[in-house]
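Structure file upload.cif (mmCIF, C-alpha atoms) follows.
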data_coords
#
loop_
_atom_site.label_atom_id
_atom_site.label_comp_id
_atom_site.auth_asym_id
_atom_site.auth_seq_id
_atom_site.Cartn_x
_atom_site.Cartn_y
_atom_site.Cartn_z
CA MET A 134 -4.30 31.57 17.95
CA LYS A 135 -6.25 31.16 14.78
CA LYS A 136 -9.77 30.09 15.21
CA VAL A 137 -10.54 26.86 13.47
CA LEU A 138 -14.02 26.41 12.09
CA THR A 139 -15.21 22.90 12.41
CA TYR A 140 -17.95 21.38 10.34
CA ILE A 141 -19.19 18.09 11.55
CA PHE A 142 -21.49 15.92 9.53
CA LEU A 143 -22.92 13.26 11.67
CA VAL A 144 -23.93 10.24 9.73
CA SER A 145 -26.54 8.11 11.42
CA VAL A 146 -25.36 5.61 13.95
CA ILE A 147 -26.51 2.22 12.90
CA SER A 148 -27.11 0.30 16.05
CA CYS A 149 -27.90 -3.00 14.46
CA GLY A 150 -27.45 -4.67 11.13
CA SER A 151 -24.56 -6.20 9.27
CA VAL A 152 -20.94 -5.74 10.31
CA GLU A 153 -20.38 -3.63 7.21
CA GLU A 154 -23.25 -1.33 8.13
CA LYS A 155 -21.88 -0.74 11.61
CA LYS A 156 -18.55 0.43 10.33
CA VAL A 157 -18.99 4.04 9.27
CA VAL A 158 -20.46 5.93 12.15
CA GLN A 159 -19.18 9.43 11.71
CA ASP A 160 -17.70 11.41 8.87
CA THR A 161 -16.04 14.66 9.77
CA ILE A 162 -14.63 17.15 7.32
CA TYR A 163 -12.50 20.04 8.46
CA PRO A 164 -11.39 23.04 6.47
CA THR A 165 -7.71 23.65 6.08
CA GLU A 166 -6.07 25.96 8.53
CA GLU A 167 -3.47 28.10 6.85
CA GLY A 168 0.09 27.46 7.91
CA PRO A 169 2.77 30.10 8.32
CA SER A 170 3.11 32.27 5.21
CA ASP A 171 6.50 30.88 4.21
CA GLY A 172 5.14 27.34 4.35
CA VAL A 173 7.70 26.32 6.97
CA LEU A 174 6.50 24.86 10.26
CA GLU A 175 7.96 26.67 13.20
CA ASN A 176 9.62 24.89 16.16
CA ILE A 177 8.64 21.47 15.05
CA TYR A 178 10.33 18.31 16.30
CA TYR A 179 10.58 15.14 14.27
CA SER A 180 9.71 11.73 15.53
CA ILE A 181 10.73 8.52 13.75
CA PRO A 182 8.99 5.15 14.11
CA SER A 183 10.91 2.68 16.23
CA PRO A 184 12.65 -0.30 14.62
CA ILE A 185 10.27 -2.63 16.41
CA GLU A 186 7.31 -1.19 14.50
CA THR A 187 8.99 -1.90 11.18
CA THR A 188 10.05 -5.41 12.17
CA ILE A 189 6.53 -6.21 13.36
CA LEU A 190 5.13 -5.01 10.02
CA ILE A 191 7.67 -7.23 8.24
CA ARG A 192 6.56 -10.24 10.26
CA GLU A 193 2.88 -9.43 9.74
CA GLY A 194 3.58 -9.19 6.00
CA GLY A 195 4.27 -12.92 6.08
CA LEU A 196 7.98 -12.62 5.35
CA LYS A 197 10.50 -15.14 6.61
CA PHE A 198 13.51 -14.47 8.81
CA SER A 199 16.89 -14.32 7.11
CA SER A 200 19.97 -14.32 9.32
CA ASP A 201 22.06 -13.35 6.28
CA LEU A 202 20.57 -9.88 6.50
CA LEU A 203 21.89 -9.25 10.02
CA PHE A 204 24.89 -7.04 10.57
CA PRO A 205 28.00 -9.26 10.41
CA GLU A 206 29.18 -10.57 13.75
CA ASN A 207 32.21 -8.50 14.69
CA GLU A 208 34.46 -8.19 17.66
CA LEU A 209 33.28 -4.69 18.48
CA MET A 210 36.19 -2.58 19.67
CA PRO A 211 35.50 0.56 21.67
CA PHE A 212 34.83 3.37 19.19
CA SER A 213 36.87 6.54 19.36
CA LYS A 214 33.76 8.66 18.82
CA LYS A 215 30.43 8.45 20.59
CA THR A 216 28.67 9.31 17.33
CA SER A 217 30.00 6.10 15.74
CA THR A 218 28.90 4.09 18.77
CA ALA A 219 25.39 5.53 18.61
CA LEU A 220 25.09 4.82 14.88
CA VAL A 221 26.18 1.18 15.20
CA LEU A 222 24.06 0.76 18.33
CA GLY A 223 21.07 1.81 16.24
CA VAL A 224 21.94 -0.77 13.58
CA LEU A 225 22.30 -3.58 16.10
CA SER A 226 19.13 -2.53 17.92
CA THR A 227 17.12 -3.06 14.75
CA ASP A 228 18.75 -6.45 14.25
CA LEU A 229 17.90 -7.30 17.85
CA ASN A 230 14.25 -6.35 17.28
CA TYR A 231 14.17 -8.33 14.06
CA ALA A 232 15.60 -11.48 15.68
CA MET A 233 13.39 -11.08 18.73
CA VAL A 234 10.17 -10.58 16.76
CA TYR A 235 10.89 -13.84 14.92
CA GLU A 236 11.78 -15.58 18.22
CA LYS A 237 15.33 -16.41 17.13
CA GLN A 238 16.80 -17.07 20.55
CA LYS A 239 20.43 -17.57 19.57
CA GLN A 240 20.62 -14.36 17.55
CA THR A 241 18.58 -12.44 20.14
CA SER A 242 21.05 -13.40 22.89
CA ARG A 243 24.10 -12.56 20.82
CA LEU A 244 22.73 -9.22 19.64
CA LEU A 245 21.56 -8.26 23.11
CA GLU A 246 25.07 -8.77 24.46
CA GLU A 247 26.48 -6.55 21.73
CA VAL A 248 23.84 -3.88 22.34
CA ILE A 249 24.62 -3.88 26.08
CA LYS A 250 28.34 -3.59 25.32
CA LEU A 251 27.83 -0.58 23.05
CA ALA A 252 25.30 1.04 25.38
CA LYS A 253 27.92 1.04 28.14
CA GLN A 254 30.24 3.06 25.90
CA ILE A 255 27.79 5.93 25.68
CA ASN A 256 26.81 5.92 29.34
CA LEU A 257 23.54 4.04 28.97
CA SER A 258 24.33 1.28 31.43
CA ALA A 259 21.71 2.61 33.79
CA VAL A 260 18.93 1.72 31.36
CA ILE A 261 20.24 -1.27 29.43
CA ASN A 262 22.41 -3.71 31.29
CA ASP A 263 22.72 -7.29 32.52
CA LYS A 264 19.38 -6.96 34.32
CA THR A 265 17.76 -6.32 30.94
CA LYS A 266 19.36 -9.50 29.68
CA ASP A 267 18.01 -11.43 32.67
CA ARG A 268 14.51 -10.05 32.07
CA ILE A 269 14.65 -11.05 28.43
CA ASP A 270 16.12 -14.47 29.21
CA ASN A 271 13.26 -15.07 31.65
CA ASN A 272 10.72 -14.19 28.97
CA ILE A 273 12.47 -15.72 26.00
CA ASN A 274 9.47 -17.93 25.23
CA ASN A 275 6.95 -15.13 25.56
CA ARG A 276 7.18 -12.96 22.47
CA ASP A 277 4.72 -10.33 23.65
CA SER A 278 6.54 -9.81 26.95
CA MET A 279 9.85 -9.57 25.13
CA GLN A 280 8.47 -6.98 22.73
CA ILE A 281 7.22 -4.91 25.63
CA ILE A 282 10.56 -5.16 27.44
CA ILE A 283 12.56 -4.23 24.34
CA SER A 284 10.23 -1.36 23.40
CA ASP A 285 10.42 -0.02 26.94
CA GLN A 286 14.20 -0.23 26.86
CA PHE A 287 14.41 1.83 23.71
CA TRP A 288 12.05 4.41 25.08
CA GLU A 289 14.32 4.60 28.14
CA ILE A 290 17.44 4.86 25.96
CA ASP A 291 15.99 7.73 23.94
CA ASN A 292 14.85 9.38 27.14
CA MET A 293 18.24 9.06 28.81
CA LEU A 294 20.18 10.34 25.80
CA LYS A 295 17.94 13.39 25.68
CA GLU A 296 18.13 13.82 29.45
CA ASN A 297 21.93 13.83 29.11
CA GLU A 298 21.55 16.46 26.35
CA ASP A 299 22.96 13.94 23.84
CA HIS A 300 20.30 14.78 21.26
CA ASP A 301 22.77 14.21 18.42
CA LEU A 302 23.45 10.69 19.64
CA ALA A 303 19.72 10.01 19.93
CA ALA A 304 19.33 11.12 16.29
CA LEU A 305 22.18 8.88 15.14
CA LEU A 306 20.81 5.92 17.05
CA ILE A 307 17.53 6.38 15.20
CA THR A 308 19.34 6.90 11.89
CA GLY A 309 21.38 3.71 12.26
CA GLY A 310 18.25 1.81 13.22
CA TRP A 311 16.34 3.14 10.23
CA ILE A 312 19.12 2.30 7.75
CA GLU A 313 19.25 -1.28 9.04
CA GLY A 314 15.45 -1.58 8.89
CA VAL A 315 15.36 -0.51 5.24
CA HIS A 316 18.30 -2.78 4.48
CA ILE A 317 16.40 -5.76 5.94
CA ALA A 318 13.23 -4.83 4.05
CA CYS A 319 15.14 -4.44 0.76
CA GLY A 320 16.91 -7.76 1.32
CA LEU A 321 13.59 -9.50 1.98
CA SER A 322 12.11 -7.98 -1.17
CA LEU A 323 14.76 -9.89 -3.12
CA ILE A 324 14.04 -13.14 -1.30
CA ASP A 325 10.24 -12.94 -1.63
CA THR A 326 9.79 -11.07 -4.90
CA SER A 327 6.02 -11.56 -5.11
CA ASN A 328 5.28 -10.15 -1.64
CA LYS A 329 3.37 -6.87 -2.03
CA SER A 330 3.54 -5.85 1.64
CA ILE A 331 7.33 -5.59 1.69
CA LYS A 332 7.18 -3.20 -1.26
CA ASP A 333 4.61 -1.13 0.64
CA ILE A 334 6.87 -1.04 3.70
CA ILE A 335 9.77 0.17 1.55
CA SER A 336 7.71 2.79 -0.28
CA ASP A 337 6.36 4.09 3.05
CA GLN A 338 9.93 4.89 4.05
CA ARG A 339 9.77 7.87 1.72
CA ILE A 340 7.79 9.67 4.42
CA VAL A 341 9.97 8.49 7.28
CA LEU A 342 13.13 9.53 5.43
CA GLU A 343 11.79 13.05 5.06
CA ASN A 344 11.43 13.32 8.83
CA LEU A 345 14.79 11.64 9.42
CA ILE A 346 16.59 14.17 7.23
CA GLN A 347 14.80 17.05 8.97
CA LEU A 348 15.77 15.61 12.35
CA ASN A 349 19.44 15.32 11.38
CA LYS A 350 19.50 18.88 10.00
CA SER A 351 19.31 20.12 13.59
CA PHE A 352 22.84 18.87 14.33
CA GLU A 353 26.36 19.59 13.21
CA PHE A 354 27.97 16.22 12.73
CA ASN A 355 31.59 15.45 11.95
CA ASP A 356 32.74 15.01 8.34
CA ARG A 357 32.65 11.23 8.47
CA ILE A 358 28.99 11.18 9.50
CA ASN A 359 28.15 13.86 6.94
CA ASP A 360 30.04 12.24 4.07
CA TYR A 361 29.11 8.62 4.63
CA ILE A 362 25.66 8.85 6.18
CA ILE A 363 23.85 12.16 5.84
CA SER A 364 24.79 12.99 2.23
CA PRO A 365 23.93 9.50 0.92
CA LEU A 366 20.63 9.66 2.81
CA THR A 367 19.88 12.91 1.00
CA GLU A 368 20.67 11.14 -2.28
CA LEU A 369 18.30 8.36 -1.28
CA LYS A 370 15.63 10.99 -0.68
CA THR A 371 16.18 12.24 -4.25
CA ILE A 372 15.49 8.71 -5.50
CA PHE A 373 12.27 8.52 -3.45
CA ASP A 374 11.24 12.00 -4.58
CA SER A 375 11.55 11.02 -8.24
CA ILE A 376 8.90 8.32 -7.82
CA PRO A 377 5.43 9.59 -8.85
CA TYR A 378 3.12 9.99 -5.89
CA PRO A 379 -0.64 10.62 -6.01
CA ILE A 380 -0.45 13.96 -4.21
CA GLU A 381 -3.74 15.24 -5.59
CA ASN A 382 -5.64 12.73 -3.48
CA LEU A 383 -4.27 14.26 -0.30
CA ASP A 384 -6.38 17.39 -0.71
CA SER A 385 -9.32 16.00 1.17
CA THR A 386 -9.33 14.66 4.65
CA SER A 387 -11.59 12.23 6.39
CA ILE A 388 -11.99 10.65 9.77
CA LYS A 389 -14.12 7.57 10.27
CA LEU A 390 -15.05 5.62 13.34
CA ILE A 391 -14.56 1.95 12.60
CA ASP A 392 -15.00 -0.68 15.31
CA ASN A 393 -14.60 1.92 18.08
CA GLU A 394 -11.38 3.26 16.64
CA TYR A 395 -10.87 6.30 14.43
CA GLU A 396 -9.31 5.88 11.05
CA LEU A 397 -7.58 8.94 9.68
CA GLY A 398 -6.85 9.92 6.09
CA ASN A 399 -7.63 8.64 2.66
CA TYR A 400 -6.60 5.55 0.81
CA LEU A 401 -3.68 6.06 -1.51
CA THR A 402 -1.88 3.58 -3.69
CA PHE A 403 1.80 4.07 -4.27
CA ASN A 404 3.24 1.42 -6.52
CA LEU A 405 6.95 0.88 -6.43
CA ASN A 406 8.26 -0.61 -9.66
CA GLU A 407 11.30 -2.85 -9.94
CA THR A 408 13.55 -0.10 -11.30
CA ASP A 409 12.79 2.21 -8.35
CA LEU A 410 13.15 -0.65 -5.93
CA ASN A 411 16.58 -1.50 -7.36
CA LEU A 412 17.74 2.09 -7.02
CA ILE A 413 16.60 2.21 -3.39
CA ARG A 414 18.14 -1.18 -2.67
CA ASN A 415 21.51 -0.22 -4.15
CA LYS A 416 21.66 3.08 -2.31
CA ILE A 417 20.75 1.64 1.11
CA SER A 418 23.21 -1.18 0.55
CA SER A 419 26.00 1.31 -0.13
CA ILE A 420 25.10 3.34 3.00
CA ARG A 421 25.18 0.21 5.12
CA GLN A 422 28.50 -0.76 3.52
CA ASN A 423 29.79 2.66 4.57
CA ILE A 424 28.94 1.82 8.16
CA LEU A 425 30.83 -1.47 7.93
CA ILE A 426 33.91 0.03 6.31
CA GLN A 427 34.09 3.49 7.82
CA PHE A 428 32.75 3.08 11.33
CA LEU A 429 33.88 -0.33 12.61
CA MET B 200 31.93 35.00 37.49
CA ARG B 201 30.34 34.83 34.03
CA LEU B 202 31.40 31.19 33.74
CA LEU B 203 29.82 30.48 37.09
CA ILE B 204 26.51 31.98 35.94
CA ILE B 205 26.64 29.95 32.70
CA PHE B 206 27.41 26.80 34.67
CA PHE B 207 24.49 27.30 37.03
CA SER B 208 22.17 28.24 34.15
CA LEU B 209 23.11 25.05 32.28
CA PHE B 210 22.71 23.02 35.45
CA PHE B 211 19.26 24.50 35.98
CA ILE B 212 18.16 23.83 32.38
CA SER B 213 19.49 20.27 32.48
CA ASN B 214 17.85 19.64 35.84
CA THR B 215 14.47 20.94 34.61
CA ASN B 216 14.78 18.75 31.55
CA ALA B 217 15.49 15.70 33.71
CA GLN B 218 12.49 16.53 35.92
CA CYS B 219 10.22 16.66 32.87
CA ARG B 220 11.52 13.33 31.60
CA GLY B 221 10.89 11.78 35.00
CA PHE B 222 7.41 13.30 34.92
CA ALA B 223 6.66 11.77 31.51
CA LYS B 224 7.85 8.39 32.70
CA GLU B 225 5.79 8.49 35.86
CA TYR B 226 2.53 9.97 34.59
CA CYS B 227 2.32 9.87 30.81
CA LYS B 228 3.35 6.28 30.19
CA LYS B 229 0.47 5.08 32.36
CA ILE B 230 -2.02 6.67 29.94
CA LEU B 231 -0.65 4.43 27.19
CA GLY B 232 -2.26 1.46 28.97
CA ASN B 233 -1.62 -1.70 26.96
CA TYR B 234 -0.08 0.21 24.04
CA VAL B 235 3.69 -0.06 23.71
CA ALA B 236 5.75 3.14 23.50
CA THR B 237 7.09 3.57 19.97
CA GLY B 238 10.54 4.53 21.18
CA GLU B 239 10.56 8.28 21.34
CA SER B 240 9.16 10.75 23.80
CA ASN B 241 8.28 14.34 23.16
CA ILE B 242 8.75 16.38 26.26
CA SER B 243 8.95 20.08 26.80
CA GLU B 244 8.74 22.67 29.50
CA LEU B 245 6.12 25.25 28.57
CA LYS B 246 4.55 28.42 29.93
CA PRO B 247 0.91 29.48 29.49
CA GLY B 248 0.23 30.27 25.82
CA GLU B 249 3.22 28.28 24.54
CA LYS B 250 3.08 25.38 22.12
CA HIS B 251 5.08 22.20 21.51
CA GLN B 252 4.56 20.39 18.24
CA PHE B 253 6.11 17.40 16.58
CA MET B 254 5.71 15.54 13.33
CA ALA B 255 5.62 11.76 13.38
CA THR B 256 5.06 8.99 10.88
CA PHE B 257 2.27 6.50 11.45
CA TYR B 258 2.14 3.24 9.55
CA LYS B 259 -0.89 1.79 7.86
CA GLY B 260 -1.88 -1.40 9.63
CA GLN B 261 -0.83 -0.38 13.15
CA HIS B 262 -3.13 0.73 15.94
CA TYR B 263 -1.92 3.82 17.79
CA ARG B 264 -2.60 5.75 20.95
CA ILE B 265 -1.26 9.24 21.60
CA ALA B 266 -1.13 9.94 25.32
CA VAL B 267 -0.77 13.48 26.58
CA CYS B 268 0.03 14.68 30.06
CA SER B 269 1.02 17.92 31.73
CA ASP B 270 1.63 19.51 35.10
CA GLU B 271 -1.69 20.21 36.81
CA SER B 272 -0.68 23.85 37.35
CA LEU B 273 -0.89 24.43 33.57
CA GLY B 274 -4.56 23.46 33.34
CA ASN B 275 -5.98 21.28 30.59
CA ILE B 276 -3.76 21.14 27.54
CA GLN B 277 -5.21 21.67 24.09
CA PHE B 278 -4.16 18.73 21.96
CA THR B 279 -4.59 18.62 18.18
CA ILE B 280 -3.70 16.20 15.39
CA ARG B 281 -3.29 17.45 11.81
CA ASN B 282 -2.01 15.96 8.61
CA ALA B 283 1.06 17.30 6.83
CA LYS B 284 -1.15 19.84 5.04
CA ARG B 285 -2.30 21.06 8.45
CA GLN B 286 -5.85 19.81 7.97
CA LEU B 287 -7.35 19.09 11.35
CA TYR B 288 -8.19 15.52 12.33
CA PHE B 289 -8.68 15.87 16.04
CA ASP B 290 -8.97 18.64 18.61
CA ASN B 291 -9.72 18.07 22.28
CA HIS B 292 -10.62 21.79 22.54
CA GLY B 293 -8.73 21.99 25.83
CA GLU B 294 -11.00 19.49 27.49
CA ALA B 295 -9.69 16.82 29.83
CA ILE B 296 -9.18 14.23 27.08
CA LYS B 297 -5.74 12.75 27.56
CA ASN B 298 -5.51 10.21 24.78
CA PHE B 299 -6.63 9.50 21.26
CA ASP B 300 -6.79 6.03 19.70
CA PHE B 301 -6.60 5.72 15.95
CA ARG B 302 -5.20 4.04 12.89
CA VAL B 303 -4.34 5.49 9.50
CA SER B 304 -5.72 4.41 6.15
CA THR B 305 -2.38 5.18 4.49
CA THR B 306 1.04 5.59 6.07
CA GLN B 307 1.35 9.28 6.75
CA GLN B 308 2.89 12.08 8.73
CA LEU B 309 0.83 13.75 11.40
CA ILE B 310 1.54 16.91 13.31
CA ILE B 311 0.73 16.70 16.99
CA SER B 312 0.45 20.01 18.83
CA LEU B 313 0.27 20.55 22.57
CA ILE B 314 -0.85 24.04 23.55
CA VAL B 315 -0.89 25.37 27.09
CA PRO B 316 -3.93 27.61 27.65
CA LYS B 317 -3.32 31.27 28.27
CA SER B 318 -3.91 32.34 31.83
CA SER B 319 -7.52 33.37 32.44
CA THR B 320 -8.44 32.13 35.89
CA ASN B 321 -7.00 34.97 37.90
CA ASN B 322 -7.65 38.52 36.75
CA SER B 323 -5.89 40.39 39.50
CA GLU B 324 -2.69 42.07 38.37
CA ASN B 325 -0.47 40.09 40.71
CA GLY B 326 -2.35 36.87 40.14
CA THR B 327 -2.00 37.11 36.37
CA LYS B 328 1.67 37.86 36.69
CA GLU B 329 2.17 34.85 38.93
CA LYS B 330 0.24 32.65 36.54
CA GLU B 331 2.30 33.82 33.57
CA GLU B 332 5.50 32.93 35.35
CA ILE B 333 4.36 29.38 35.87
CA SER B 334 5.96 26.81 33.67
CA GLY B 335 5.47 23.09 33.68
CA CYS B 336 6.18 19.84 31.95
CA VAL B 337 4.14 18.79 28.93
CA SER B 338 4.58 15.47 27.22
CA ALA B 339 3.12 13.33 24.47
CA ILE B 340 3.97 9.69 24.01
CA THR B 341 2.94 7.58 21.06
CA GLY B 342 2.21 3.91 21.55
CA PHE B 343 1.16 1.09 19.28
CA ARG B 344 -0.83 -2.03 20.01
CA LEU B 345 0.98 -5.37 19.82
#

Let's see the structure in the file written out as structure tokens.
Amino acid sequence: MKKVLTYIFLVSVISCGSVEEKKVVQDTIYPTEEGPSDGVLENIYYSIPSPIETTILIREGGLKFSSDLLFPENELMPFSKKTSTALVLGVLSTDLNYAMVYEKQKQTSRLLEEVIKLAKQINLSAVINDKTKDRIDNNINNRDSMQIIISDQFWEIDNMLKENEDHDLAALLITGGWIEGVHIACGLSLIDTSNKSIKDIISDQRIVLENLIQLNKSFEFNDRINDYIISPLTELKTIFDSIPYPIENLDSTSIKLIDNEYELGNYLTFNLNETDLNLIRNKISSIRQNILIQFL
Amino acid sequence: MRLLIIFFSLFFISNTNAQCRGFAKEYCKKILGNYVATGESNISELKPGEKHQFMATFYKGQHYRIAVCSDESLGNIQFTIRNAKRQLYFDNHGEAIKNFDFRVSTTQQLIISLIVPKSSTNNSENGTKEKEEISGCVSAITGFRL
């Protein structure tokens, strides 16, 4: 293994003084370790943020709940393919998180029932079932507890799919969830046009999409998934890639200790203009429409 | 006969995988403390000298903890965090540090690597061989603070 040289510059620890003074305690700069010669990372797995993270960021951005953005209420028939079930389960899981984070009890209950129904179809009853519903019902007025329960459930779902060697289904669950999350964010950006944080959330998806596409490359999906989901996602990536990004600022790295917690990286500003936002919005809307038309 | 061997091999692999997932659930999640699991687990079965790495996205504005755990037989795991350009942010240098709490100034991808140390405790020929044949579960779970 390559030896990494580490240079540490300790900046004085200011034990008393103003809050501002206490903030920067340590600056550390590390030289770059060279990657593999072809620039490709070997044996790397890709991890995608959970829908609950995105919905929490949406709430913290001060945006309001809009039930119009939820996936239309359908009588969900058993799907002929597990891949379709996993994809739609991902979509509904994001909706469930979104409704739950905003404490919308009626929608939370309805969506939870649908999620349980779909989970049964791909052998996930052991981890998400009527007991889950009881736990959530008992904590319906305690948002934090509900968030913990729901997050735990999705960790268990991912775990069980992978334990059952259904890695492709785990990837589609995440993909469906991500598509719905971006759809909600894009919809909210139309409702609250002056909100900067929602634009930031959408522009940040450029990075997540990169990982999502890499994750899906590991699997051979059927034509329907490829044609209506994977290819359009690649087109969406092209849209994101065409937006100028301040790459030059990424050349230096810093780590700071602020209020007993490390902060990694540098500050970058990535401004999404209305034209780019419209392109992203239209593309995600068409992908979600594909799910409604082709997979239900 | 060949089918029988394939069946038992697959059963063994699947069973090992299940054991590692159970291990992560029992030991690694505890290290998260009051952080909530972000939804995905990274679990692998490794031998001395082997590495598991994954790339994850971390959002600006969230507070994260990465919790790492491994079978005791593997020794202390080296655990590093790098940015997408492979610049090093954190290295536990194989010490018994099992978690790292942080936030990011800008939403970014980070590469988390878990490296099992090469065998060095037993120098006898048989001992080294035994050590090299050891494999164990290694896991990293990411959590965020509500």

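The interatomic distance for the pair CA of Tyr226 in chain B and CA of Cys268 in chain B works out to 7.0 Å.
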
Could you build a table of the residues in chain B lying no more than 8 Å from chain A, giving for each the nearest pair of atoms and their separation in Å rounded to one decimal place, using all atoms listed in the file, ordered by chain and ascending residue number, as a Markdown table?
| residue | atom | partner | partner_atom | distance |
| --- | --- | --- | --- | --- |
| B:Ser213 | CA | A:Glu296 | CA | 7.3 |
| B:Asn216 | CA | A:Glu296 | CA | 6.3 |
| B:Ala217 | CA | A:Glu296 | CA | 5.4 |
| B:Arg220 | CA | A:Asn292 | CA | 6.8 |
| B:Val235 | CA | A:Ile281 | CA | 6.3 |
| B:Ala236 | CA | A:Ser284 | CA | 6.4 |
| B:Thr237 | CA | A:Ser183 | CA | 5.4 |
| B:Gly238 | CA | A:Trp288 | CA | 4.2 |
| B:Glu239 | CA | A:Trp288 | CA | 5.6 |
| B:Ser240 | CA | A:Asn292 | CA | 6.7 |
| B:His251 | CA | A:Ile177 | CA | 7.4 |
| B:Gln252 | CA | A:Ile177 | CA | 5.3 |
| B:Phe253 | CA | A:Tyr178 | CA | 4.3 |
| B:Met254 | CA | A:Tyr179 | CA | 5.0 |
| B:Ala255 | CA | A:Ser180 | CA | 4.6 |
| B:Thr256 | CA | A:Val341 | CA | 6.1 |
| B:Phe257 | CA | A:Pro182 | CA | 7.4 |
| B:Tyr258 | CA | A:Asp337 | CA | 7.8 |
| B:Gly260 | CA | A:Leu190 | CA | 7.9 |
| B:Lys284 | CA | A:Thr165 | CA | 7.7 |
| B:Arg285 | CA | A:Glu166 | CA | 6.2 |
| B:Gln286 | CA | A:Thr165 | CA | 4.7 |
| B:Leu287 | CA | A:Tyr163 | CA | 6.0 |
| B:Tyr288 | CA | A:Ile388 | CA | 6.7 |
| B:Asp300 | CA | A:Glu394 | CA | 6.2 |
| B:Phe301 | CA | A:Tyr395 | CA | 4.6 |
| B:Arg302 | CA | A:Glu396 | CA | 4.9 |
| B:Val303 | CA | A:Leu397 | CA | 4.7 |
| B:Ser304 | CA | A:Tyr400 | CA | 5.5 |
| B:Thr305 | CA | A:Tyr400 | CA | 5.6 |
| B:Thr306 | CA | A:Asp337 | CA | 6.3 |
| B:Gln307 | CA | A:Ile340 | CA | 6.9 |
| B:Gln308 | CA | A:Ile340 | CA | 7.0 |
| B:Leu345 | CA | A:Asp277 | CA | 7.3 |

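In this structure, CA of Ile358 in chain A sits 28.7 Å away from CA of Ala283 in chain B.
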
Legend entry - Nearest to Phe343 in chain B, chosen from B:Asn275, B:Asn291, B:Asn298, B:Asn233, with all atoms listed in the file counted in the distances: B:Asn233

Inset, instruction - Please provide the set of residues having any atom within 8 Å of range 263-266 of chain B, restricted to all atoms listed in the file, with same-chain residues fewer than 5 positions apart removed, written as JSON, numbers by chain. - result: {"B": [227, 228, 230, 231, 234, 297, 298, 299, 300, 301, 302, 339, 340, 341, 342, 343, 344]}

Output C-alpha atoms for every residue in that selection, as an mmCIF file, keeping the file's coordinate frame.
data_model
loop_
_atom_site.group_PDB
_atom_site.id
_atom_site.type_symbol
_atom_site.label_atom_id
_atom_site.label_comp_id
_atom_site.auth_asym_id
_atom_site.auth_seq_id
_atom_site.Cartn_x
_atom_site.Cartn_y
_atom_site.Cartn_z
ATOM 1 C CA CYS B 227 2.320 9.870 30.810
ATOM 2 C CA LYS B 228 3.350 6.280 30.190
ATOM 3 C CA ILE B 230 -2.020 6.670 29.940
ATOM 4 C CA LEU B 231 -0.650 4.430 27.190
ATOM 5 C CA TYR B 234 -0.080 0.210 24.040
ATOM 6 C CA LYS B 297 -5.740 12.750 27.560
ATOM 7 C CA ASN B 298 -5.510 10.210 24.780
ATOM 8 C CA PHE B 299 -6.630 9.500 21.260
ATOM 9 C CA ASP B 300 -6.790 6.030 19.700
ATOM 10 C CA PHE B 301 -6.600 5.720 15.950
ATOM 11 C CA ARG B 302 -5.200 4.040 12.890
ATOM 12 C CA ALA B 339 3.120 13.330 24.470
ATOM 13 C CA ILE B 340 3.970 9.690 24.010
ATOM 14 C CA THR B 341 2.940 7.580 21.060
ATOM 15 C CA GLY B 342 2.210 3.910 21.550
ATOM 16 C CA PHE B 343 1.160 1.090 19.280
ATOM 17 C CA ARG B 344 -0.830 -2.030 20.010
#

Legend entry - Contacts of Val315 in chain A within 12 Å, all atoms listed in the file, excl. fewer than 5 positions in-chain, as a ChimeraX atom specification: /A:184,187-188,191,202-203,224,227-228,231,308-310,320-322,331-339,341-342,366,369,410,413-418,420-421

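Relative to CA of Ile324 in chain A, CA of Phe428 in chain A is found at 27.8 Å.
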
Inset, instruction - Find the residues near Leu245 in chain A: any atom within 9 Å, counting all atoms listed in the file, skip ones fewer than 6 places away on the same chain, and give them as a PyMOL selection string. - result: chain A and resi 225-226+229+265-266

Inset, instruction - Rank nothing, just name the residue among A:Leu306, A:Ile317, A:Ser375, A:Ile249 nearest to Leu348 in chain A, using all atoms listed in the file. - result: A:Leu306

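Comparing B:Pro247, B:Gly221, B:Gly274, B:Pro316 by their smallest distance to Glu332 in chain B, the closest is B:Pro247 (using all atoms listed in the file).
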
Inset, instruction - Could you list the residues chosen by the PyMOL selection byres ((chain A and resi 221) around 12) in this structure as a PyMOL selection string? - result: chain A and resi 204-205+207+209-212+214-220+222-228+244+247-248+250-252+254-255+302-303+305-313+358+362+421+423-429

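With all atoms listed in the file as the basis for measurement, A:Ser330 is the residue among A:Asn359, A:Asn271, A:Thr371, A:Ser330 that approaches Lys259 in chain B most closely.
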
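Nearest residue to Ser269 in chain B among B:Lys317, B:Ala223, B:Ile311, B:Ile296 is B:Ala223, counting all atoms listed in the file.
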
Report the centre and edge lengths, in Å to one decimal, of an axis-aligned box enclosing every atom of range 358-370 of chain A listed in the file, padded by 4 Å on each side, as lines of an AutoDock Vina configuration file.
center_x = 22.8
center_y = 11.1
center_z = 3.6
size_x = 22.4
size_y = 13.5
size_z = 19.8

Inset, instruction - Report as a ChimeraX atom specification the residues that result from applying the PyMOL selection byres ((chain B and resi 280) around 8) to the structure here. - result: /B:278-279,281-282,287-290,309-312
